[in-house]
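The file work33.csv contains CSV, C-alpha atoms:
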```
chain,number,residue,atom,x,y,z
T,5,MET,CA,165.9,42.7,73.1
T,6,GLY,CA,164.6,44.4,70.1
T,7,LEU,CA,166.2,46.0,67.1
T,8,ASP,CA,168.5,48.9,67.3
T,9,PHE,CA,168.2,51.7,64.8
T,10,ASP,CA,171.2,53.8,63.8
T,11,PRO,CA,170.8,57.6,63.9
T,12,PRO,CA,170.1,59.4,60.7
T,13,SER,CA,173.1,60.4,58.5
T,14,SER,CA,173.8,64.1,58.3
T,15,ASP,CA,174.6,63.4,54.6
T,16,LYS,CA,171.4,64.1,52.7
T,17,GLN,CA,172.5,61.8,49.8
T,18,VAL,CA,173.0,58.9,52.2
T,19,LEU,CA,169.7,59.5,53.9
T,20,GLU,CA,167.8,59.6,50.7
T,21,GLU,CA,169.5,57.2,48.4
T,22,SER,CA,171.2,54.6,50.5
T,23,THR,CA,169.7,51.3,51.8
T,24,ALA,CA,170.5,52.1,55.4
T,25,PHE,CA,167.3,52.3,57.5
T,26,THR,CA,167.8,55.2,59.9
T,27,PRO,CA,164.3,56.3,61.0
T,28,LYS,CA,164.3,59.9,62.3
T,29,PHE,CA,162.4,60.0,65.6
T,30,ASP,CA,161.2,63.5,66.6
T,31,ALA,CA,161.9,65.3,69.9
T,32,ASN,CA,159.5,63.1,71.7
T,33,GLY,CA,161.1,59.9,70.2
T,34,LEU,CA,158.2,59.3,67.8
T,35,ILE,CA,157.9,58.8,64.1
T,36,THR,CA,154.7,59.2,62.1
T,37,ALA,CA,153.1,56.0,60.7
T,38,VAL,CA,150.6,56.2,57.8
T,39,VAL,CA,148.5,53.0,57.7
T,40,THR,CA,146.8,51.9,54.5
T,41,ASP,CA,144.8,48.9,53.4
T,42,ALA,CA,147.1,46.6,51.3
T,43,ARG,CA,144.1,45.7,49.2
T,44,ASP,CA,143.3,49.1,47.8
T,45,ASN,CA,145.7,51.6,49.4
T,46,ALA,CA,142.8,53.3,51.3
T,47,LEU,CA,144.1,55.4,54.2
T,48,LEU,CA,143.0,53.8,57.4
T,49,MET,CA,144.7,55.8,60.2
T,50,VAL,CA,147.7,57.9,61.1
T,51,ALA,CA,149.6,56.9,64.3
T,52,HIS,CA,153.0,57.2,65.9
T,53,MET,CA,155.7,54.8,66.8
T,54,ASN,CA,158.6,54.9,69.2
T,55,ALA,CA,161.7,52.7,68.6
T,56,GLU,CA,160.2,49.9,70.7
T,57,ALA,CA,156.9,49.9,68.8
T,58,LEU,CA,158.8,50.0,65.5
T,59,SER,CA,161.0,47.1,66.6
T,60,LEU,CA,158.0,45.1,67.7
T,61,THR,CA,156.2,45.7,64.4
T,62,ILE,CA,159.2,44.6,62.3
T,63,GLU,CA,159.9,41.6,64.5
T,64,THR,CA,156.3,40.3,64.8
T,65,GLY,CA,154.8,41.5,61.6
T,66,ILE,CA,151.9,42.9,63.6
T,67,ALA,CA,151.5,46.7,63.9
T,68,HIS,CA,152.4,48.2,67.3
T,69,TYR,CA,152.2,51.9,67.9
T,70,PHE,CA,152.9,54.3,70.8
T,71,SER,CA,149.8,55.7,72.3
T,72,ARG,CA,150.4,59.3,73.1
T,73,SER,CA,147.2,59.6,75.2
T,74,ARG,CA,148.0,56.5,77.2
T,75,THR,CA,151.8,57.0,76.9
T,76,LYS,CA,152.5,53.3,76.3
T,77,ILE,CA,152.9,50.7,73.6
T,78,TRP,CA,149.7,50.0,71.8
T,79,LYS,CA,149.2,46.7,70.0
T,80,LYS,CA,146.5,47.9,67.7
T,81,GLY,CA,143.4,45.7,67.7
T,82,GLU,CA,144.3,44.0,71.0
T,83,SER,CA,140.8,44.9,72.4
T,84,SER,CA,138.8,44.8,69.2
T,85,GLY,CA,140.4,41.9,67.5
T,86,ASN,CA,141.2,44.2,64.5
T,87,LEU,CA,144.9,43.4,64.5
T,88,GLN,CA,147.0,44.7,61.6
T,89,SER,CA,149.3,42.3,59.7
T,90,VAL,CA,152.0,44.3,57.9
T,91,VAL,CA,152.3,43.3,54.2
T,92,GLU,CA,154.9,46.0,53.4
T,93,MET,CA,156.6,48.8,55.3
T,94,MET,CA,158.1,51.8,53.5
T,95,THR,CA,159.8,55.0,54.4
T,96,ASP,CA,160.1,58.3,52.7
T,97,CYS,CA,163.0,60.4,51.3
T,98,ASP,CA,164.1,61.9,54.6
T,99,GLN,CA,163.1,58.8,56.7
T,100,ASP,CA,160.9,60.8,59.1
T,101,ALA,CA,157.7,58.9,58.2
T,102,LEU,CA,156.6,55.3,57.7
T,103,LEU,CA,154.0,53.7,55.5
T,104,LEU,CA,152.5,50.5,56.6
T,105,LYS,CA,150.4,48.5,54.1
T,106,VAL,CA,148.3,46.2,56.2
T,107,THR,CA,145.5,43.6,56.2
T,108,VAL,CA,143.1,44.1,59.0
T,109,ALA,CA,141.7,41.1,60.9
T,110,GLY,CA,138.5,40.9,63.0
T,111,HIS,CA,135.8,43.3,61.8
T,112,ASP,CA,137.9,44.8,59.0
T,113,ALA,CA,137.6,48.1,60.9
T,114,THR,CA,140.4,50.3,62.0
T,115,CYS,CA,138.6,53.2,63.7
T,116,HIS,CA,137.5,53.0,67.3
T,117,THR,CA,134.2,54.4,66.2
T,118,GLY,CA,133.6,51.1,64.3
T,119,ARG,CA,134.2,52.5,60.8
T,120,ARG,CA,136.6,51.0,58.4
T,121,SER,CA,138.9,54.1,58.4
T,122,CYS,CA,139.5,56.9,60.8
T,123,PHE,CA,139.0,59.2,57.8
T,124,TYR,CA,135.3,59.2,57.4
T,125,ARG,CA,134.6,62.9,57.1
T,126,THR,CA,135.2,65.3,54.2
T,127,VAL,CA,136.1,68.9,54.6
T,128,THR,CA,133.8,71.2,52.5
T,129,LEU,CA,133.7,74.9,51.9
T,130,ALA,CA,130.4,76.5,51.2
T,131,ASP,CA,129.6,80.2,51.3
T,132,GLY,CA,132.8,80.9,53.1
T,133,ALA,CA,132.1,78.4,55.8
T,134,VAL,CA,134.2,75.2,56.3
T,135,LYS,CA,132.3,72.2,57.5
T,136,LEU,CA,132.6,68.4,57.6
T,137,THR,CA,130.4,66.0,55.7
T,138,ILE,CA,130.2,62.4,56.9
T,139,SER,CA,131.2,60.3,54.0
T,140,ASP,CA,131.3,56.9,55.7
T,141,ASN,CA,128.9,56.1,58.5
T,142,HIS,CA,128.9,52.3,58.3
T,143,ARG,CA,129.9,50.7,61.6
T,144,HIS,CA,131.6,47.4,61.3
T,145,PHE,CA,131.1,46.9,65.1
T,146,GLU,CA,129.3,48.7,67.9
T,147,PRO,CA,132.0,50.5,69.9
T,148,HIS,CA,130.0,50.1,73.2
T,149,ASP,CA,130.1,46.3,72.7
T,150,ILE,CA,133.9,46.2,72.2
T,151,TYR,CA,135.3,48.8,74.5
T,152,LYS,CA,133.9,48.2,78.0
T,153,PRO,CA,134.1,51.2,80.3
P,6,MET,CA,142.3,87.4,55.6
P,7,GLY,CA,142.1,83.7,55.6
P,8,LEU,CA,139.8,81.2,57.3
P,9,ASP,CA,139.5,81.0,61.1
P,10,PHE,CA,139.4,77.6,62.7
P,11,ASP,CA,137.6,77.0,66.0
P,12,PRO,CA,139.5,75.2,68.7
P,13,PRO,CA,138.7,71.5,69.2
P,14,SER,CA,135.8,70.6,71.4
P,15,SER,CA,136.6,68.9,74.7
P,16,ASP,CA,133.6,66.7,74.1
P,17,LYS,CA,134.8,63.6,72.4
P,18,GLN,CA,131.4,62.9,70.8
P,19,VAL,CA,131.3,66.4,69.2
P,20,LEU,CA,134.9,66.0,68.0
P,21,GLU,CA,134.3,62.6,66.4
P,22,GLU,CA,130.7,62.8,65.2
P,23,SER,CA,129.8,66.4,64.5
P,24,THR,CA,130.2,68.3,61.3
P,25,ALA,CA,132.2,71.1,62.9
P,26,PHE,CA,135.7,71.2,61.5
P,27,THR,CA,138.1,72.0,64.4
P,28,PRO,CA,141.6,70.8,63.3
P,29,LYS,CA,143.8,70.1,66.2
P,30,PHE,CA,147.2,71.8,65.7
P,31,ASP,CA,150.1,70.5,67.8
P,32,ALA,CA,152.3,72.4,70.2
P,33,ASN,CA,154.1,73.9,67.2
P,34,GLY,CA,150.9,75.0,65.5
P,35,LEU,CA,151.1,72.2,62.9
P,36,ILE,CA,148.8,69.4,61.7
P,37,THR,CA,150.0,66.3,59.8
P,38,ALA,CA,148.8,66.1,56.2
P,39,VAL,CA,148.9,62.8,54.3
P,40,VAL,CA,148.9,63.3,50.6
P,41,THR,CA,147.6,60.6,48.2
P,42,ASP,CA,147.1,60.5,44.5
P,43,ALA,CA,143.4,60.9,43.7
P,44,ARG,CA,143.7,58.4,40.8
P,45,ASP,CA,144.7,55.3,42.8
P,46,ASN,CA,145.2,56.3,46.5
P,47,ALA,CA,148.9,55.9,46.3
P,48,LEU,CA,150.7,57.7,49.1
P,49,LEU,CA,152.7,60.5,47.7
P,50,MET,CA,154.1,62.4,50.8
P,51,VAL,CA,153.5,63.3,54.4
P,52,ALA,CA,153.8,67.0,55.2
P,53,HIS,CA,152.6,69.6,57.8
P,54,MET,CA,150.3,72.6,57.7
P,55,ASN,CA,149.9,75.5,60.0
P,56,ALA,CA,146.5,77.4,60.1
P,57,GLU,CA,147.6,79.7,57.3
P,58,ALA,CA,148.7,76.8,55.0
P,59,LEU,CA,145.4,75.0,55.7
P,60,SER,CA,143.4,78.2,55.0
P,61,LEU,CA,145.3,78.8,51.7
P,62,THR,CA,144.8,75.2,50.6
P,63,ILE,CA,141.0,75.3,51.3
P,64,GLU,CA,140.6,78.7,49.7
P,65,THR,CA,142.7,78.1,46.5
P,66,GLY,CA,142.3,74.4,46.1
P,67,ILE,CA,146.1,74.2,45.6
P,68,ALA,CA,148.0,72.4,48.4
P,69,HIS,CA,150.1,74.7,50.6
P,70,TYR,CA,152.2,73.3,53.5
P,71,PHE,CA,154.4,74.7,56.2
P,72,SER,CA,158.1,73.9,55.6
P,73,ARG,CA,159.6,73.0,59.0
P,74,SER,CA,163.1,73.3,57.5
P,75,ARG,CA,162.6,76.6,55.9
P,76,THR,CA,160.0,77.8,58.6
P,77,LYS,CA,157.7,79.3,56.0
P,78,ILE,CA,154.7,78.7,53.9
P,79,TRP,CA,155.4,76.3,51.1
P,80,LYS,CA,153.3,76.2,48.0
P,81,LYS,CA,154.2,72.7,46.9
P,82,GLY,CA,155.4,72.6,43.3
P,83,GLU,CA,156.2,76.3,43.0
P,84,SER,CA,159.7,75.5,41.8
P,85,SER,CA,159.2,72.2,40.0
P,86,GLY,CA,155.7,72.9,38.5
P,87,ASN,CA,154.4,69.9,40.3
P,88,LEU,CA,151.5,71.7,41.9
P,89,GLN,CA,148.9,69.7,43.7
P,90,SER,CA,145.2,70.3,43.0
P,91,VAL,CA,143.1,69.1,45.9
P,92,VAL,CA,140.3,66.8,44.8
P,93,GLU,CA,139.1,66.0,48.3
P,94,MET,CA,140.2,66.8,51.9
P,95,MET,CA,139.3,64.6,54.8
P,96,THR,CA,140.0,64.5,58.5
P,97,ASP,CA,140.2,61.7,61.0
P,98,CYS,CA,138.2,60.9,64.2
P,99,ASP,CA,140.1,63.1,66.5
P,100,GLN,CA,140.8,65.7,63.8
P,101,ASP,CA,144.6,65.8,64.3
P,102,ALA,CA,145.4,64.6,60.8
P,103,LEU,CA,144.3,65.5,57.3
P,104,LEU,CA,144.1,63.5,54.1
P,105,LEU,CA,144.5,65.3,50.8
P,106,LYS,CA,143.6,63.5,47.7
P,107,VAL,CA,145.3,65.4,44.9
P,108,THR,CA,146.1,65.5,41.2
P,109,VAL,CA,149.7,66.4,40.5
P,110,ALA,CA,150.6,68.7,37.6
P,111,GLY,CA,153.9,69.1,35.8
P,112,HIS,CA,156.0,65.9,35.9
P,113,ASP,CA,153.5,63.9,37.9
P,114,ALA,CA,156.2,63.7,40.5
P,115,THR,CA,155.9,64.7,44.2
P,116,CYS,CA,159.3,63.8,45.6
P,117,HIS,CA,162.1,66.3,45.3
P,118,THR,CA,164.3,63.4,44.2
P,119,GLY,CA,162.2,63.3,41.0
P,120,ARG,CA,160.2,60.2,41.9
P,121,ARG,CA,156.5,60.0,41.8
P,122,SER,CA,156.2,59.4,45.6
P,123,CYS,CA,158.5,60.2,48.5
P,124,PHE,CA,157.9,56.6,49.6
P,125,TYR,CA,160.2,54.7,47.2
P,126,ARG,CA,162.0,52.4,49.6
P,127,THR,CA,160.8,49.3,51.4
P,128,VAL,CA,161.9,48.2,54.9
P,129,THR,CA,163.1,44.6,54.9
P,130,LEU,CA,164.3,42.3,57.6
P,131,ALA,CA,166.8,39.6,56.7
P,132,ASP,CA,169.0,37.6,59.1
P,133,GLY,CA,168.1,40.0,61.9
P,134,ALA,CA,169.3,43.1,59.9
P,135,VAL,CA,166.9,45.8,58.8
P,136,LYS,CA,167.6,47.4,55.5
P,137,LEU,CA,165.9,49.4,52.8
P,138,THR,CA,165.3,48.2,49.3
P,139,ILE,CA,164.7,50.7,46.6
P,140,SER,CA,161.3,49.9,45.1
P,141,ASP,CA,160.9,52.8,42.7
P,142,ASN,CA,163.9,54.4,41.1
P,143,HIS,CA,162.2,56.0,38.1
P,144,ARG,CA,162.9,59.8,38.0
P,145,HIS,CA,160.2,61.9,36.4
P,146,PHE,CA,162.7,64.8,36.3
P,147,GLU,CA,166.3,65.4,37.0
P,148,PRO,CA,166.5,67.2,40.3
P,149,HIS,CA,169.7,69.2,39.3
P,150,ASP,CA,167.7,70.7,36.4
P,151,ILE,CA,164.9,71.8,38.5
P,152,TYR,CA,166.4,73.0,41.8
P,153,LYS,CA,169.2,75.4,40.9
P,154,PRO,CA,171.7,75.9,43.7
```

Can you dump the structure from the file as structure tokens?
Amino acid sequence: MGLDFDPPSSDKQVLEESTAFTPKFDANGLITAVVTDARDNALLMVAHMNAEALSLTIETGIAHYFSRSRTKIWKKGESSGNLQSVVEMMTDCDQDALLLKVTVAGHDATCHTGRRSCFYRTVTLADGAVKLTISDNHRHFEPHDIYKP
Amino acid sequence: MGLDFDPPSSDKQVLEESTAFTPKFDANGLITAVVTDARDNALLMVAHMNAEALSLTIETGIAHYFSRSRTKIWKKGESSGNLQSVVEMMTDCDQDALLLKVTVAGHDATCHTGRRSCFYRTVTLADGAVKLTISDNHRHFEPHDIYKP
């Protein structure tokens, strides 16, 4: 079952300008997925997919990733209810990255910390020191209530 | 010269909630950088940085990456004039990815094909076949004029 993906063409012109979808998985069999909110393009998270996760995502319209820490398929939002419906999927010139424009169900939160986006801290440089500033501290859910130990 | 980055904390709470910037470089010494247009959050490209590229980017405010194909520091736009000024840099919960919100100089194009964004094709499923549809074919510059052989 599942979709098969042809290997990338060695012809740069074909890779970049044709309509053949030939995702380039890395040495670990993964491709980077950038996930944005279809409403306003806000970056929500960066994750990885193997061929199975990509196939499941395309076939079901619900985002599936490959969890590198748990080394298994990860149906995003299965625990929290924050499932991601894919509105549009795009790829880049060399087809080694994917963009998923999604709508988020549940709490409208993507980060496991309860925030809307995993990108909630800004990198700042002051007096030669690099630090983070928390730019979004609003929790849409309380992580302890959702992820039981 | 350049900035030093402390290694990531093994304490998840510190990694996720503190203001210490400890970017997590992968086994190849690289971290993923997602680049968006500061004007409208449009995704422009996905690239990689080593510690030197990250340091140069923070210190100069101009995006530098590490070219995996050329295995060297890559000052984006040096050939094309499409330099990226960093308006804001963010990191995610586990600090293994960066977001750069940039303004693009020159032709207002990021892709080497001349398009505004490297993400100019949409993945579509029709009758069980996955294909790409070109959703942006406007060239801001003619690649052959910019990148001399």

Could you give me chain P least-squares fitted onto chain T (all C-alpha atoms, paired in order), as a PDB file with C-alpha atoms, in the frame of the given file?
```pdb
ATOM      1  CA  MET P   6     165.941  42.750  73.140  1.00  0.00           C
ATOM      2  CA  GLY P   7     164.555  44.433  70.144  1.00  0.00           C
ATOM      3  CA  LEU P   8     166.122  45.999  67.058  1.00  0.00           C
ATOM      4  CA  ASP P   9     168.564  48.922  67.303  1.00  0.00           C
ATOM      5  CA  PHE P  10     168.212  51.746  64.847  1.00  0.00           C
ATOM      6  CA  ASP P  11     171.199  53.854  63.788  1.00  0.00           C
ATOM      7  CA  PRO P  12     170.824  57.591  63.965  1.00  0.00           C
ATOM      8  CA  PRO P  13     170.149  59.416  60.679  1.00  0.00           C
ATOM      9  CA  SER P  14     173.085  60.360  58.546  1.00  0.00           C
ATOM     10  CA  SER P  15     173.861  64.063  58.221  1.00  0.00           C
ATOM     11  CA  ASP P  16     174.619  63.412  54.588  1.00  0.00           C
ATOM     12  CA  LYS P  17     171.494  64.065  52.652  1.00  0.00           C
ATOM     13  CA  GLN P  18     172.528  61.757  49.786  1.00  0.00           C
ATOM     14  CA  VAL P  19     173.057  58.804  52.198  1.00  0.00           C
ATOM     15  CA  LEU P  20     169.725  59.544  53.902  1.00  0.00           C
ATOM     16  CA  GLU P  21     167.755  59.677  50.649  1.00  0.00           C
ATOM     17  CA  GLU P  22     169.539  57.168  48.421  1.00  0.00           C
ATOM     18  CA  SER P  23     171.200  54.537  50.560  1.00  0.00           C
ATOM     19  CA  THR P  24     169.755  51.310  51.789  1.00  0.00           C
ATOM     20  CA  ALA P  25     170.531  52.039  55.431  1.00  0.00           C
ATOM     21  CA  PHE P  26     167.350  52.345  57.431  1.00  0.00           C
ATOM     22  CA  THR P  27     167.827  55.203  59.964  1.00  0.00           C
ATOM     23  CA  PRO P  28     164.294  56.361  61.001  1.00  0.00           C
ATOM     24  CA  LYS P  29     164.290  59.853  62.246  1.00  0.00           C
ATOM     25  CA  PHE P  30     162.384  60.052  65.567  1.00  0.00           C
ATOM     26  CA  ASP P  31     161.171  63.497  66.651  1.00  0.00           C
ATOM     27  CA  ALA P  32     161.931  65.359  69.839  1.00  0.00           C
ATOM     28  CA  ASN P  33     159.497  63.055  71.643  1.00  0.00           C
ATOM     29  CA  GLY P  34     161.075  59.893  70.282  1.00  0.00           C
ATOM     30  CA  LEU P  35     158.200  59.292  67.830  1.00  0.00           C
ATOM     31  CA  ILE P  36     157.871  58.750  64.066  1.00  0.00           C
ATOM     32  CA  THR P  37     154.623  59.247  62.100  1.00  0.00           C
ATOM     33  CA  ALA P  38     153.153  56.053  60.659  1.00  0.00           C
ATOM     34  CA  VAL P  39     150.567  56.193  57.865  1.00  0.00           C
ATOM     35  CA  VAL P  40     148.512  53.082  57.685  1.00  0.00           C
ATOM     36  CA  THR P  41     146.815  51.971  54.425  1.00  0.00           C
ATOM     37  CA  ASP P  42     144.851  48.940  53.474  1.00  0.00           C
ATOM     38  CA  ALA P  43     147.029  46.605  51.402  1.00  0.00           C
ATOM     39  CA  ARG P  44     144.026  45.669  49.198  1.00  0.00           C
ATOM     40  CA  ASP P  45     143.297  49.113  47.708  1.00  0.00           C
ATOM     41  CA  ASN P  46     145.631  51.715  49.358  1.00  0.00           C
ATOM     42  CA  ALA P  47     142.842  53.273  51.277  1.00  0.00           C
ATOM     43  CA  LEU P  48     144.075  55.329  54.205  1.00  0.00           C
ATOM     44  CA  LEU P  49     143.018  53.729  57.386  1.00  0.00           C
ATOM     45  CA  MET P  50     144.747  55.806  60.193  1.00  0.00           C
ATOM     46  CA  VAL P  51     147.723  57.925  61.078  1.00  0.00           C
ATOM     47  CA  ALA P  52     149.530  56.905  64.258  1.00  0.00           C
ATOM     48  CA  HIS P  53     152.999  57.190  65.944  1.00  0.00           C
ATOM     49  CA  MET P  54     155.728  54.734  66.854  1.00  0.00           C
ATOM     50  CA  ASN P  55     158.596  54.972  69.215  1.00  0.00           C
ATOM     51  CA  ALA P  56     161.738  52.744  68.629  1.00  0.00           C
ATOM     52  CA  GLU P  57     160.229  49.925  70.658  1.00  0.00           C
ATOM     53  CA  ALA P  58     156.887  49.975  68.724  1.00  0.00           C
ATOM     54  CA  LEU P  59     158.807  50.020  65.418  1.00  0.00           C
ATOM     55  CA  SER P  60     161.048  47.126  66.574  1.00  0.00           C
ATOM     56  CA  LEU P  61     157.993  45.059  67.694  1.00  0.00           C
ATOM     57  CA  THR P  62     156.178  45.717  64.424  1.00  0.00           C
ATOM     58  CA  ILE P  63     159.218  44.649  62.288  1.00  0.00           C
ATOM     59  CA  GLU P  64     159.908  41.620  64.438  1.00  0.00           C
ATOM     60  CA  THR P  65     156.286  40.285  64.764  1.00  0.00           C
ATOM     61  CA  GLY P  66     154.791  41.575  61.584  1.00  0.00           C
ATOM     62  CA  ILE P  67     151.832  42.846  63.673  1.00  0.00           C
ATOM     63  CA  ALA P  68     151.518  46.661  63.866  1.00  0.00           C
ATOM     64  CA  HIS P  69     152.388  48.136  67.273  1.00  0.00           C
ATOM     65  CA  TYR P  70     152.164  51.920  67.913  1.00  0.00           C
ATOM     66  CA  PHE P  71     152.901  54.254  70.759  1.00  0.00           C
ATOM     67  CA  SER P  72     149.703  55.693  72.306  1.00  0.00           C
ATOM     68  CA  ARG P  73     150.396  59.380  73.045  1.00  0.00           C
ATOM     69  CA  SER P  74     147.235  59.512  75.186  1.00  0.00           C
ATOM     70  CA  ARG P  75     147.953  56.489  77.198  1.00  0.00           C
ATOM     71  CA  THR P  76     151.855  56.944  76.956  1.00  0.00           C
ATOM     72  CA  LYS P  77     152.438  53.262  76.317  1.00  0.00           C
ATOM     73  CA  ILE P  78     152.938  50.683  73.696  1.00  0.00           C
ATOM     74  CA  TRP P  79     149.766  49.942  71.830  1.00  0.00           C
ATOM     75  CA  LYS P  80     149.251  46.718  69.993  1.00  0.00           C
ATOM     76  CA  LYS P  81     146.531  47.905  67.656  1.00  0.00           C
ATOM     77  CA  GLY P  82     143.479  45.650  67.758  1.00  0.00           C
ATOM     78  CA  GLU P  83     144.275  43.981  71.075  1.00  0.00           C
ATOM     79  CA  SER P  84     140.846  44.872  72.407  1.00  0.00           C
ATOM     80  CA  SER P  85     138.727  44.842  69.262  1.00  0.00           C
ATOM     81  CA  GLY P  86     140.466  41.903  67.438  1.00  0.00           C
ATOM     82  CA  ASN P  87     141.212  44.198  64.590  1.00  0.00           C
ATOM     83  CA  LEU P  88     144.891  43.388  64.462  1.00  0.00           C
ATOM     84  CA  GLN P  89     146.927  44.670  61.597  1.00  0.00           C
ATOM     85  CA  SER P  90     149.249  42.317  59.695  1.00  0.00           C
ATOM     86  CA  VAL P  91     151.948  44.278  57.926  1.00  0.00           C
ATOM     87  CA  VAL P  92     152.224  43.369  54.260  1.00  0.00           C
ATOM     88  CA  GLU P  93     154.846  45.975  53.443  1.00  0.00           C
ATOM     89  CA  MET P  94     156.630  48.841  55.289  1.00  0.00           C
ATOM     90  CA  MET P  95     158.107  51.772  53.476  1.00  0.00           C
ATOM     91  CA  THR P  96     159.853  54.981  54.393  1.00  0.00           C
ATOM     92  CA  ASP P  97     160.094  58.341  52.725  1.00  0.00           C
ATOM     93  CA  CYS P  98     163.073  60.385  51.373  1.00  0.00           C
ATOM     94  CA  ASP P  99     164.098  61.903  54.595  1.00  0.00           C
ATOM     95  CA  GLN P 100     163.044  58.854  56.628  1.00  0.00           C
ATOM     96  CA  ASP P 101     160.820  60.758  59.104  1.00  0.00           C
ATOM     97  CA  ALA P 102     157.647  58.942  58.123  1.00  0.00           C
ATOM     98  CA  LEU P 103     156.622  55.342  57.613  1.00  0.00           C
ATOM     99  CA  LEU P 104     153.980  53.729  55.446  1.00  0.00           C
ATOM    100  CA  LEU P 105     152.433  50.472  56.582  1.00  0.00           C
ATOM    101  CA  LYS P 106     150.407  48.553  54.158  1.00  0.00           C
ATOM    102  CA  VAL P 107     148.328  46.172  56.242  1.00  0.00           C
ATOM    103  CA  THR P 108     145.567  43.580  56.240  1.00  0.00           C
ATOM    104  CA  VAL P 109     143.074  44.089  59.031  1.00  0.00           C
ATOM    105  CA  ALA P 110     141.639  41.110  60.922  1.00  0.00           C
ATOM    106  CA  GLY P 111     138.471  40.879  62.972  1.00  0.00           C
ATOM    107  CA  HIS P 112     135.796  43.348  61.785  1.00  0.00           C
ATOM    108  CA  ASP P 113     137.887  44.826  59.011  1.00  0.00           C
ATOM    109  CA  ALA P 114     137.567  48.052  60.904  1.00  0.00           C
ATOM    110  CA  THR P 115     140.442  50.324  62.066  1.00  0.00           C
ATOM    111  CA  CYS P 116     138.628  53.240  63.659  1.00  0.00           C
ATOM    112  CA  HIS P 117     137.578  52.966  67.265  1.00  0.00           C
ATOM    113  CA  THR P 118     134.226  54.401  66.187  1.00  0.00           C
ATOM    114  CA  GLY P 119     133.650  51.100  64.336  1.00  0.00           C
ATOM    115  CA  ARG P 120     134.278  52.455  60.844  1.00  0.00           C
ATOM    116  CA  ARG P 121     136.637  50.950  58.413  1.00  0.00           C
ATOM    117  CA  SER P 122     138.915  54.064  58.347  1.00  0.00           C
ATOM    118  CA  CYS P 123     139.461  56.880  60.819  1.00  0.00           C
ATOM    119  CA  PHE P 124     139.058  59.205  57.825  1.00  0.00           C
ATOM    120  CA  TYR P 125     135.255  59.195  57.386  1.00  0.00           C
ATOM    121  CA  ARG P 126     134.558  62.896  57.067  1.00  0.00           C
ATOM    122  CA  THR P 127     135.195  65.279  54.203  1.00  0.00           C
ATOM    123  CA  VAL P 128     136.138  68.975  54.558  1.00  0.00           C
ATOM    124  CA  THR P 129     133.846  71.186  52.495  1.00  0.00           C
ATOM    125  CA  LEU P 130     133.738  74.874  51.856  1.00  0.00           C
ATOM    126  CA  ALA P 131     130.387  76.492  51.147  1.00  0.00           C
ATOM    127  CA  ASP P 132     129.543  80.215  51.306  1.00  0.00           C
ATOM    128  CA  GLY P 133     132.850  80.874  53.050  1.00  0.00           C
ATOM    129  CA  ALA P 134     132.091  78.336  55.884  1.00  0.00           C
ATOM    130  CA  VAL P 135     134.152  75.206  56.347  1.00  0.00           C
ATOM    131  CA  LYS P 136     132.320  72.168  57.510  1.00  0.00           C
ATOM    132  CA  LEU P 137     132.642  68.418  57.611  1.00  0.00           C
ATOM    133  CA  THR P 138     130.416  66.025  55.775  1.00  0.00           C
ATOM    134  CA  ILE P 139     130.200  62.489  56.936  1.00  0.00           C
ATOM    135  CA  SER P 140     131.254  60.307  54.007  1.00  0.00           C
ATOM    136  CA  ASP P 141     131.250  56.895  55.647  1.00  0.00           C
ATOM    137  CA  ASN P 142     128.901  56.123  58.476  1.00  0.00           C
ATOM    138  CA  HIS P 143     128.876  52.331  58.220  1.00  0.00           C
ATOM    139  CA  ARG P 144     129.904  50.728  61.584  1.00  0.00           C
ATOM    140  CA  HIS P 145     131.616  47.373  61.320  1.00  0.00           C
ATOM    141  CA  PHE P 146     131.056  46.940  65.084  1.00  0.00           C
ATOM    142  CA  GLU P 147     129.295  48.679  67.857  1.00  0.00           C
ATOM    143  CA  PRO P 148     131.917  50.465  69.884  1.00  0.00           C
ATOM    144  CA  HIS P 149     129.964  50.051  73.239  1.00  0.00           C
ATOM    145  CA  ASP P 150     130.161  46.260  72.737  1.00  0.00           C
ATOM    146  CA  ILE P 151     133.791  46.214  72.203  1.00  0.00           C
ATOM    147  CA  TYR P 152     135.286  48.821  74.558  1.00  0.00           C
ATOM    148  CA  LYS P 153     133.829  48.130  77.994  1.00  0.00           C
ATOM    149  CA  PRO P 154     134.054  51.094  80.340  1.00  0.00           C
TER     150      PRO P 154
END
```

Closest-contact table, chain P side, partner chain T, 7 Å, counting all atoms listed in the file, as a Markdown table:
```
| residue | atom | partner | partner_atom | distance |
| --- | --- | --- | --- | --- |
| P:Thr24 | CA | T:Leu136 | CA | 4.4 |
| P:Ala25 | CA | T:Lys135 | CA | 5.5 |
| P:Phe26 | CA | T:Lys135 | CA | 5.3 |
| P:Asn46 | CA | T:Asn45 | CA | 5.5 |
| P:Ala47 | CA | T:Asn45 | CA | 6.2 |
| P:Met94 | CA | T:Val127 | CA | 5.3 |
| P:Met95 | CA | T:Thr126 | CA | 4.2 |
| P:Thr96 | CA | T:Phe123 | CA | 5.4 |
| P:Asp97 | CA | T:Phe123 | CA | 4.2 |
| P:Cys98 | CA | T:Cys122 | CA | 5.4 |
| P:Cys123 | CA | T:Asp96 | CA | 4.9 |
| P:Phe124 | CA | T:Asp96 | CA | 4.2 |
| P:Tyr125 | CA | T:Asp96 | CA | 6.6 |
| P:Arg126 | CA | T:Met94 | CA | 5.5 |
| P:Thr127 | CA | T:Met94 | CA | 4.2 |
| P:Val128 | CA | T:Met93 | CA | 5.3 |
| P:Val135 | CA | T:Phe25 | CA | 6.6 |
| P:Lys136 | CA | T:Phe25 | CA | 5.3 |
| P:Leu137 | CA | T:Thr23 | CA | 4.4 |
| P:Thr138 | CA | T:Thr23 | CA | 5.9 |
```

Subject >> Atom pair CA of Ala42 (chain T) / CA of Val108 (chain T): separation (Å) >> reply: 9.0 Å
